[in-house]
Amino acid sequence: MHVSLDGFVASPNGEIDWVRFDDDLVEDVQALVDSADTALFGRVTYRLMESYWPTAAESPTASKHDLDHSRWLNPAPKLVFSTTLKNVHWQNTRIVKDHIGEEIARLRKQPGKNLILFASPTLGSTFMNLNLIDEYFFNINPIVLGKGKPLFREQSEMRRLKLLESKTYRNGVASLRYGRGS
Amino acid sequence: MAGEASRMGRIVVSEFVSLDGVVEDPGGAEKFKHGGWSFKFRDDQVPKYKMDEVFAGDALLLGRVTYEGFAKAWPSMKDDVGFADKMNNMPKHVVSTTLKKLDWNNSKLIKANVAEEVKKLKQQPGKDILVYGSGKLVNTLLQHDLVDELRLMVHPVVLGSGRRLFDNNAETMKALKLAESKTFPSGIVLLTYHPAK
């Protein structure tokens, strides 16, 4: 998750043009993605991704990141968690309407690599409440947005995490990795 | 060196913050449901860090809510290292439109023209002017580019509810510069920011 100092993952209209990338950060994000073989999305993020990635690599202005990520994301199994979504138009995508916990438990038992949940703050909060998240990656950008879409929704319980790693990049991003708390 | 004596006051904002940006009542004096949450993450380096921080300052600048919590808690505190004495003796500048009188030792009220008054404070020679908590005030200071250093001690916890540091800052984006990052044994990460320019 790329997040602002005030805890937003996107500006009010969904813009993420404030998110800072540089080569080192892209490399680490790519390594994280490569550790996974399945992508999980909430409806809103899925819609955004579906409108971009299927053809991103074909654009003459495609970056190296576009090419690398397309190669991973397009063929990968994708799960969209939504009660309202009817149709998906991206290869290898399946809609999960309910029984999230059971679905994830089933996937966990299958041999394979990690399941990675991209952005999707609403789904992230749901997953956190269901205690489904093993690791959290936050790339904290050095900017106060003032308003936007919050990473964390209100939760009834407080949740302790365990800091696993912290790293800073030359562009001012602080990357924090957490696991389950004690 | 002439530098130390003639240095202008710097506004240093130092916050205990949860991963979800909550700054409410880390010390437990304000009756918040998770009040005192920061004490769950202490290690032997945090007190030393806070000690160095407070002794690098010579004044506090506080909003009303934080002031009221502090004014209730600190006067009766005592310790061997002089931390509480320093807190109790140092001048306090309190921003509030509603408070009438201040009971905590050496406290002065700023009733209006916050940005102007803070600029005046900064122009006086001195050490750091420390801001703790005071979410609403911090937003005002940030908007007026009056913060010289922002220190966020990010605790490894999602509180889920509570007042957030940047709640009231709905004006414009403000880019900062990451100056330093430090990890404590308890899993707290200290992120230090300076103005971008």
# chains A, B, ... in the order shown; residues from 1 in each chain; ligands from 1

$ interface_residues --of "chain B" --to "chain A" --cutoff "7 Å" --atoms "only C-alpha atoms" --output "VMD selection string"
chain B and resid 20 to 21 156 to 161 166 169 to 178 187

$ select_by_dssp --residues "segment 105-138 of chain A" --states "helix (DSSP H, G or I)" --output "PyMOL selection string"
chain A and resi 105-109+121-129

$ residues_around --residues "Leu117 of chain A" --least-positions-apart "6" --cutoff "9 Å" --atoms "only C-alpha atoms" --output "NGL selection string"
:A and (1 or 38-42 or 123-124)

$ write_last_selection --atoms "C-alpha atoms" --output "JSON list (two decimals), in the first residue's frame"
[["chain", "number", "residue", "atom", "x", "y", "z"],
["A", 1, "MET", "CA", 0.00, 0.00, 0.00],
["A", 38, "THR", "CA", -2.44, -14.67, -6.78],
["A", 39, "ALA", "CA", -3.85, -11.13, -6.73],
["A", 40, "LEU", "CA", -6.74, -10.03, -4.50],
["A", 41, "PHE", "CA", -8.76, -6.87, -5.07],
["A", 42, "GLY", "CA", -11.75, -4.99, -3.76],
["A", 123, "LEU", "CA", -11.25, -4.97, 1.60],
["A", 124, "GLY", "CA", -8.05, -4.54, 3.60]]

$ residues_around --residues "segment 39-47 of chain B" --least-positions-apart "4" --cutoff "12 Å" --atoms "only C-alpha atoms" --output "short mmCIF file (atom, residue, chain, number, x, y, z; two decimals) with N, CA and C atoms, in the first residue's frame"
data_model
loop_
_atom_site.label_atom_id
_atom_site.label_comp_id
_atom_site.auth_asym_id
_atom_site.auth_seq_id
_atom_site.Cartn_x
_atom_site.Cartn_y
_atom_site.Cartn_z
N ARG A 160 -2.55 -5.01 17.63
CA ARG A 160 -1.10 -4.82 17.69
C ARG A 160 -0.43 -5.56 16.56
N LEU A 161 0.58 -4.93 15.98
CA LEU A 161 1.35 -5.59 14.93
C LEU A 161 2.80 -5.67 15.39
N LYS A 162 3.59 -6.36 14.60
CA LYS A 162 5.00 -6.51 14.93
C LYS A 162 5.81 -5.93 13.79
N LEU A 163 6.69 -4.99 14.11
CA LEU A 163 7.54 -4.41 13.06
C LEU A 163 8.55 -5.45 12.61
N GLY A 181 0.91 -9.26 15.41
CA GLY A 181 1.43 -8.85 16.71
C GLY A 181 1.44 -9.99 17.69
N SER A 182 2.13 -9.77 18.80
CA SER A 182 2.20 -10.81 19.82
C SER A 182 0.97 -10.74 20.70
N PHE B 16 3.28 10.99 19.27
CA PHE B 16 3.05 9.55 19.34
C PHE B 16 1.87 9.27 18.43
N VAL B 17 2.04 8.41 17.47
CA VAL B 17 0.96 8.17 16.51
C VAL B 17 0.82 6.67 16.23
N SER B 18 -0.41 6.23 16.09
CA SER B 18 -0.64 4.83 15.74
C SER B 18 -0.52 4.67 14.23
N ASP B 25 -4.73 10.83 23.15
CA ASP B 25 -4.49 10.34 24.51
C ASP B 25 -3.49 9.19 24.64
N PRO B 26 -2.28 9.34 24.07
CA PRO B 26 -1.30 8.26 24.24
C PRO B 26 -0.89 8.08 25.69
N GLY B 27 -1.04 9.14 26.50
CA GLY B 27 -0.59 9.08 27.88
C GLY B 27 -1.66 8.66 28.88
N GLY B 28 -2.92 8.68 28.46
CA GLY B 28 -3.97 8.18 29.34
C GLY B 28 -4.63 9.20 30.25
N HIS B 34 -8.89 3.88 24.37
CA HIS B 34 -7.58 3.23 24.36
C HIS B 34 -6.52 4.09 25.07
N GLY B 35 -6.95 5.02 25.92
CA GLY B 35 -6.03 5.94 26.59
C GLY B 35 -4.82 5.24 27.20
N MET B 51 13.78 12.22 26.73
CA MET B 51 14.57 13.02 27.66
C MET B 51 15.44 14.02 26.89
N ASP B 52 16.20 13.52 25.92
CA ASP B 52 17.04 14.40 25.10
C ASP B 52 16.20 15.45 24.40
N GLU B 53 15.04 15.02 23.95
CA GLU B 53 14.16 15.93 23.21
C GLU B 53 13.69 17.08 24.10
N VAL B 54 13.24 16.74 25.30
CA VAL B 54 12.68 17.78 26.16
C VAL B 54 13.78 18.73 26.65
N VAL B 81 15.16 11.99 37.10
CA VAL B 81 16.00 12.52 36.03
C VAL B 81 15.66 13.96 35.67
N PHE B 83 12.85 15.12 34.38
CA PHE B 83 11.94 15.27 33.24
C PHE B 83 10.69 16.05 33.64
N MET B 153 6.45 9.34 15.96
CA MET B 153 6.85 8.05 16.53
C MET B 153 5.72 7.07 16.23
N VAL B 154 5.91 6.33 15.15
CA VAL B 154 4.84 5.47 14.65
C VAL B 154 4.84 4.16 15.44
N HIS B 155 3.76 3.95 16.21
CA HIS B 155 3.64 2.76 17.04
C HIS B 155 3.05 1.60 16.24
N PRO B 156 3.50 0.38 16.51
CA PRO B 156 3.02 -0.76 15.70
C PRO B 156 1.64 -1.24 16.14
N VAL B 157 0.67 -0.39 15.99
CA VAL B 157 -0.69 -0.74 16.43
C VAL B 157 -1.70 0.01 15.57
N LYS B 182 14.42 6.11 12.39
CA LYS B 182 15.10 5.34 13.43
C LYS B 182 14.13 4.31 13.98
N THR B 183 14.63 3.11 14.22
CA THR B 183 13.77 2.05 14.73
C THR B 183 14.12 1.77 16.19
N PHE B 184 13.11 1.66 17.02
CA PHE B 184 13.31 1.34 18.44
C PHE B 184 13.03 -0.15 18.67
N PRO B 185 13.62 -0.72 19.74
CA PRO B 185 13.42 -2.15 20.00
C PRO B 185 11.96 -2.56 20.15
N SER B 186 11.12 -1.63 20.59
CA SER B 186 9.70 -1.94 20.77
C SER B 186 8.93 -1.98 19.45
N GLY B 187 9.61 -1.67 18.34
CA GLY B 187 8.92 -1.66 17.05
C GLY B 187 8.38 -0.30 16.68
N ILE B 188 8.63 0.68 17.53
CA ILE B 188 8.27 2.05 17.17
C ILE B 188 9.26 2.54 16.11
N VAL B 189 8.74 3.20 15.07
CA VAL B 189 9.61 3.80 14.06
C VAL B 189 9.47 5.32 14.17
N LEU B 190 10.60 5.97 14.36
CA LEU B 190 10.60 7.43 14.41
C LEU B 190 10.92 7.97 13.02
#

$ select_by_dssp --residues "chain B" --states "strand (DSSP E or B)" --output "tab-separated table (two decimals) with C-alpha atoms, in the first residue's frame"
chain	number	residue	atom	x	y	z
B	8	MET	CA	16.11	31.38	16.74
B	11	ILE	CA	9.10	24.67	16.14
B	12	VAL	CA	9.51	20.93	16.72
B	13	VAL	CA	6.34	18.88	16.57
B	14	SER	CA	6.73	15.49	18.20
B	15	GLU	CA	3.88	13.00	18.12
B	16	PHE	CA	3.05	9.55	19.34
B	17	VAL	CA	0.96	8.17	16.51
B	18	SER	CA	-0.64	4.83	15.74
B	22	VAL	CA	-4.49	8.36	15.78
B	57	GLY	CA	13.66	22.60	24.22
B	58	ASP	CA	12.94	25.64	26.30
B	59	ALA	CA	9.21	26.09	25.77
B	60	LEU	CA	6.05	24.12	25.02
B	61	LEU	CA	3.42	25.19	22.52
B	62	LEU	CA	0.14	23.37	23.09
B	63	GLY	CA	-3.47	23.28	21.96
B	92	LYS	CA	3.98	26.95	28.12
B	93	HIS	CA	2.21	28.78	25.29
B	94	VAL	CA	-1.37	27.61	25.09
B	95	VAL	CA	-3.57	28.21	22.07
B	107	SER	CA	1.57	29.03	31.18
B	108	LYS	CA	0.54	31.86	28.88
B	109	LEU	CA	-2.50	32.07	26.65
B	110	ILE	CA	-2.53	32.73	22.90
B	125	PRO	CA	16.45	33.47	20.35
B	128	ASP	CA	13.36	24.17	20.47
B	129	ILE	CA	9.74	25.10	20.99
B	130	LEU	CA	8.12	21.72	21.48
B	131	VAL	CA	4.65	20.81	20.32
B	132	TYR	CA	3.16	17.57	21.66
B	149	GLU	CA	10.61	19.62	12.26
B	150	LEU	CA	7.89	16.98	12.45
B	151	ARG	CA	8.72	13.83	14.42
B	152	LEU	CA	6.29	10.95	14.17
B	153	MET	CA	6.85	8.05	16.53
B	154	VAL	CA	4.84	5.47	14.65
B	155	HIS	CA	3.64	2.76	17.04
B	157	VAL	CA	-0.69	-0.74	16.43
B	158	VAL	CA	-3.94	0.01	14.62
B	164	ARG	CA	-6.27	11.71	14.17
B	174	LYS	CA	1.90	19.71	1.77
B	175	ALA	CA	5.00	17.85	0.68
B	176	LEU	CA	7.70	17.29	3.30
B	177	LYS	CA	11.22	15.95	3.23
B	178	LEU	CA	12.15	12.78	5.12
B	179	ALA	CA	15.21	13.71	7.15
B	180	GLU	CA	15.75	10.64	9.28
B	181	SER	CA	14.31	7.32	10.31
B	182	LYS	CA	15.10	5.34	13.43
B	183	THR	CA	13.77	2.05	14.73
B	189	VAL	CA	9.61	3.80	14.06
B	190	LEU	CA	10.60	7.43	14.41
B	191	LEU	CA	10.18	9.33	11.15
B	192	THR	CA	11.57	12.88	11.12
B	193	TYR	CA	10.46	15.35	8.47
B	194	HIS	CA	11.59	18.83	7.48
B	195	PRO	CA	9.87	21.35	5.22

$ residues_around --residues "Pro77 of chain A" --least-positions-apart "3" --cutoff "10 Å" --atoms "only C-alpha atoms" --output "PDB file with C-alpha atoms, in the first residue's frame"
ATOM      1  CA  ASP A  37       1.113 -15.900  -7.364  1.00  0.00           C
ATOM      2  CA  THR A  38      -2.436 -14.667  -6.778  1.00  0.00           C
ATOM      3  CA  ALA A  39      -3.846 -11.133  -6.727  1.00  0.00           C
ATOM      4  CA  LEU A  40      -6.743 -10.033  -4.502  1.00  0.00           C
ATOM      5  CA  TRP A  72       2.968 -10.995 -13.811  1.00  0.00           C
ATOM      6  CA  LEU A  73      -0.515  -9.586 -13.328  1.00  0.00           C
ATOM      7  CA  ASN A  74      -2.333 -10.417 -16.550  1.00  0.00           C
ATOM      8  CA  GLN A  91      -8.426 -12.936 -17.982  1.00  0.00           C
ATOM      9  CA  ASN A  92      -8.273 -15.424 -15.115  1.00  0.00           C
ATOM     10  CA  THR A  93     -10.476 -13.340 -12.793  1.00  0.00           C
ATOM     11  CA  ARG A  94     -13.113 -14.706 -10.441  1.00  0.00           C
ATOM     12  CA  LEU A 115      -1.641 -14.081  -1.959  1.00  0.00           C
TER      13      LEU A 115
END
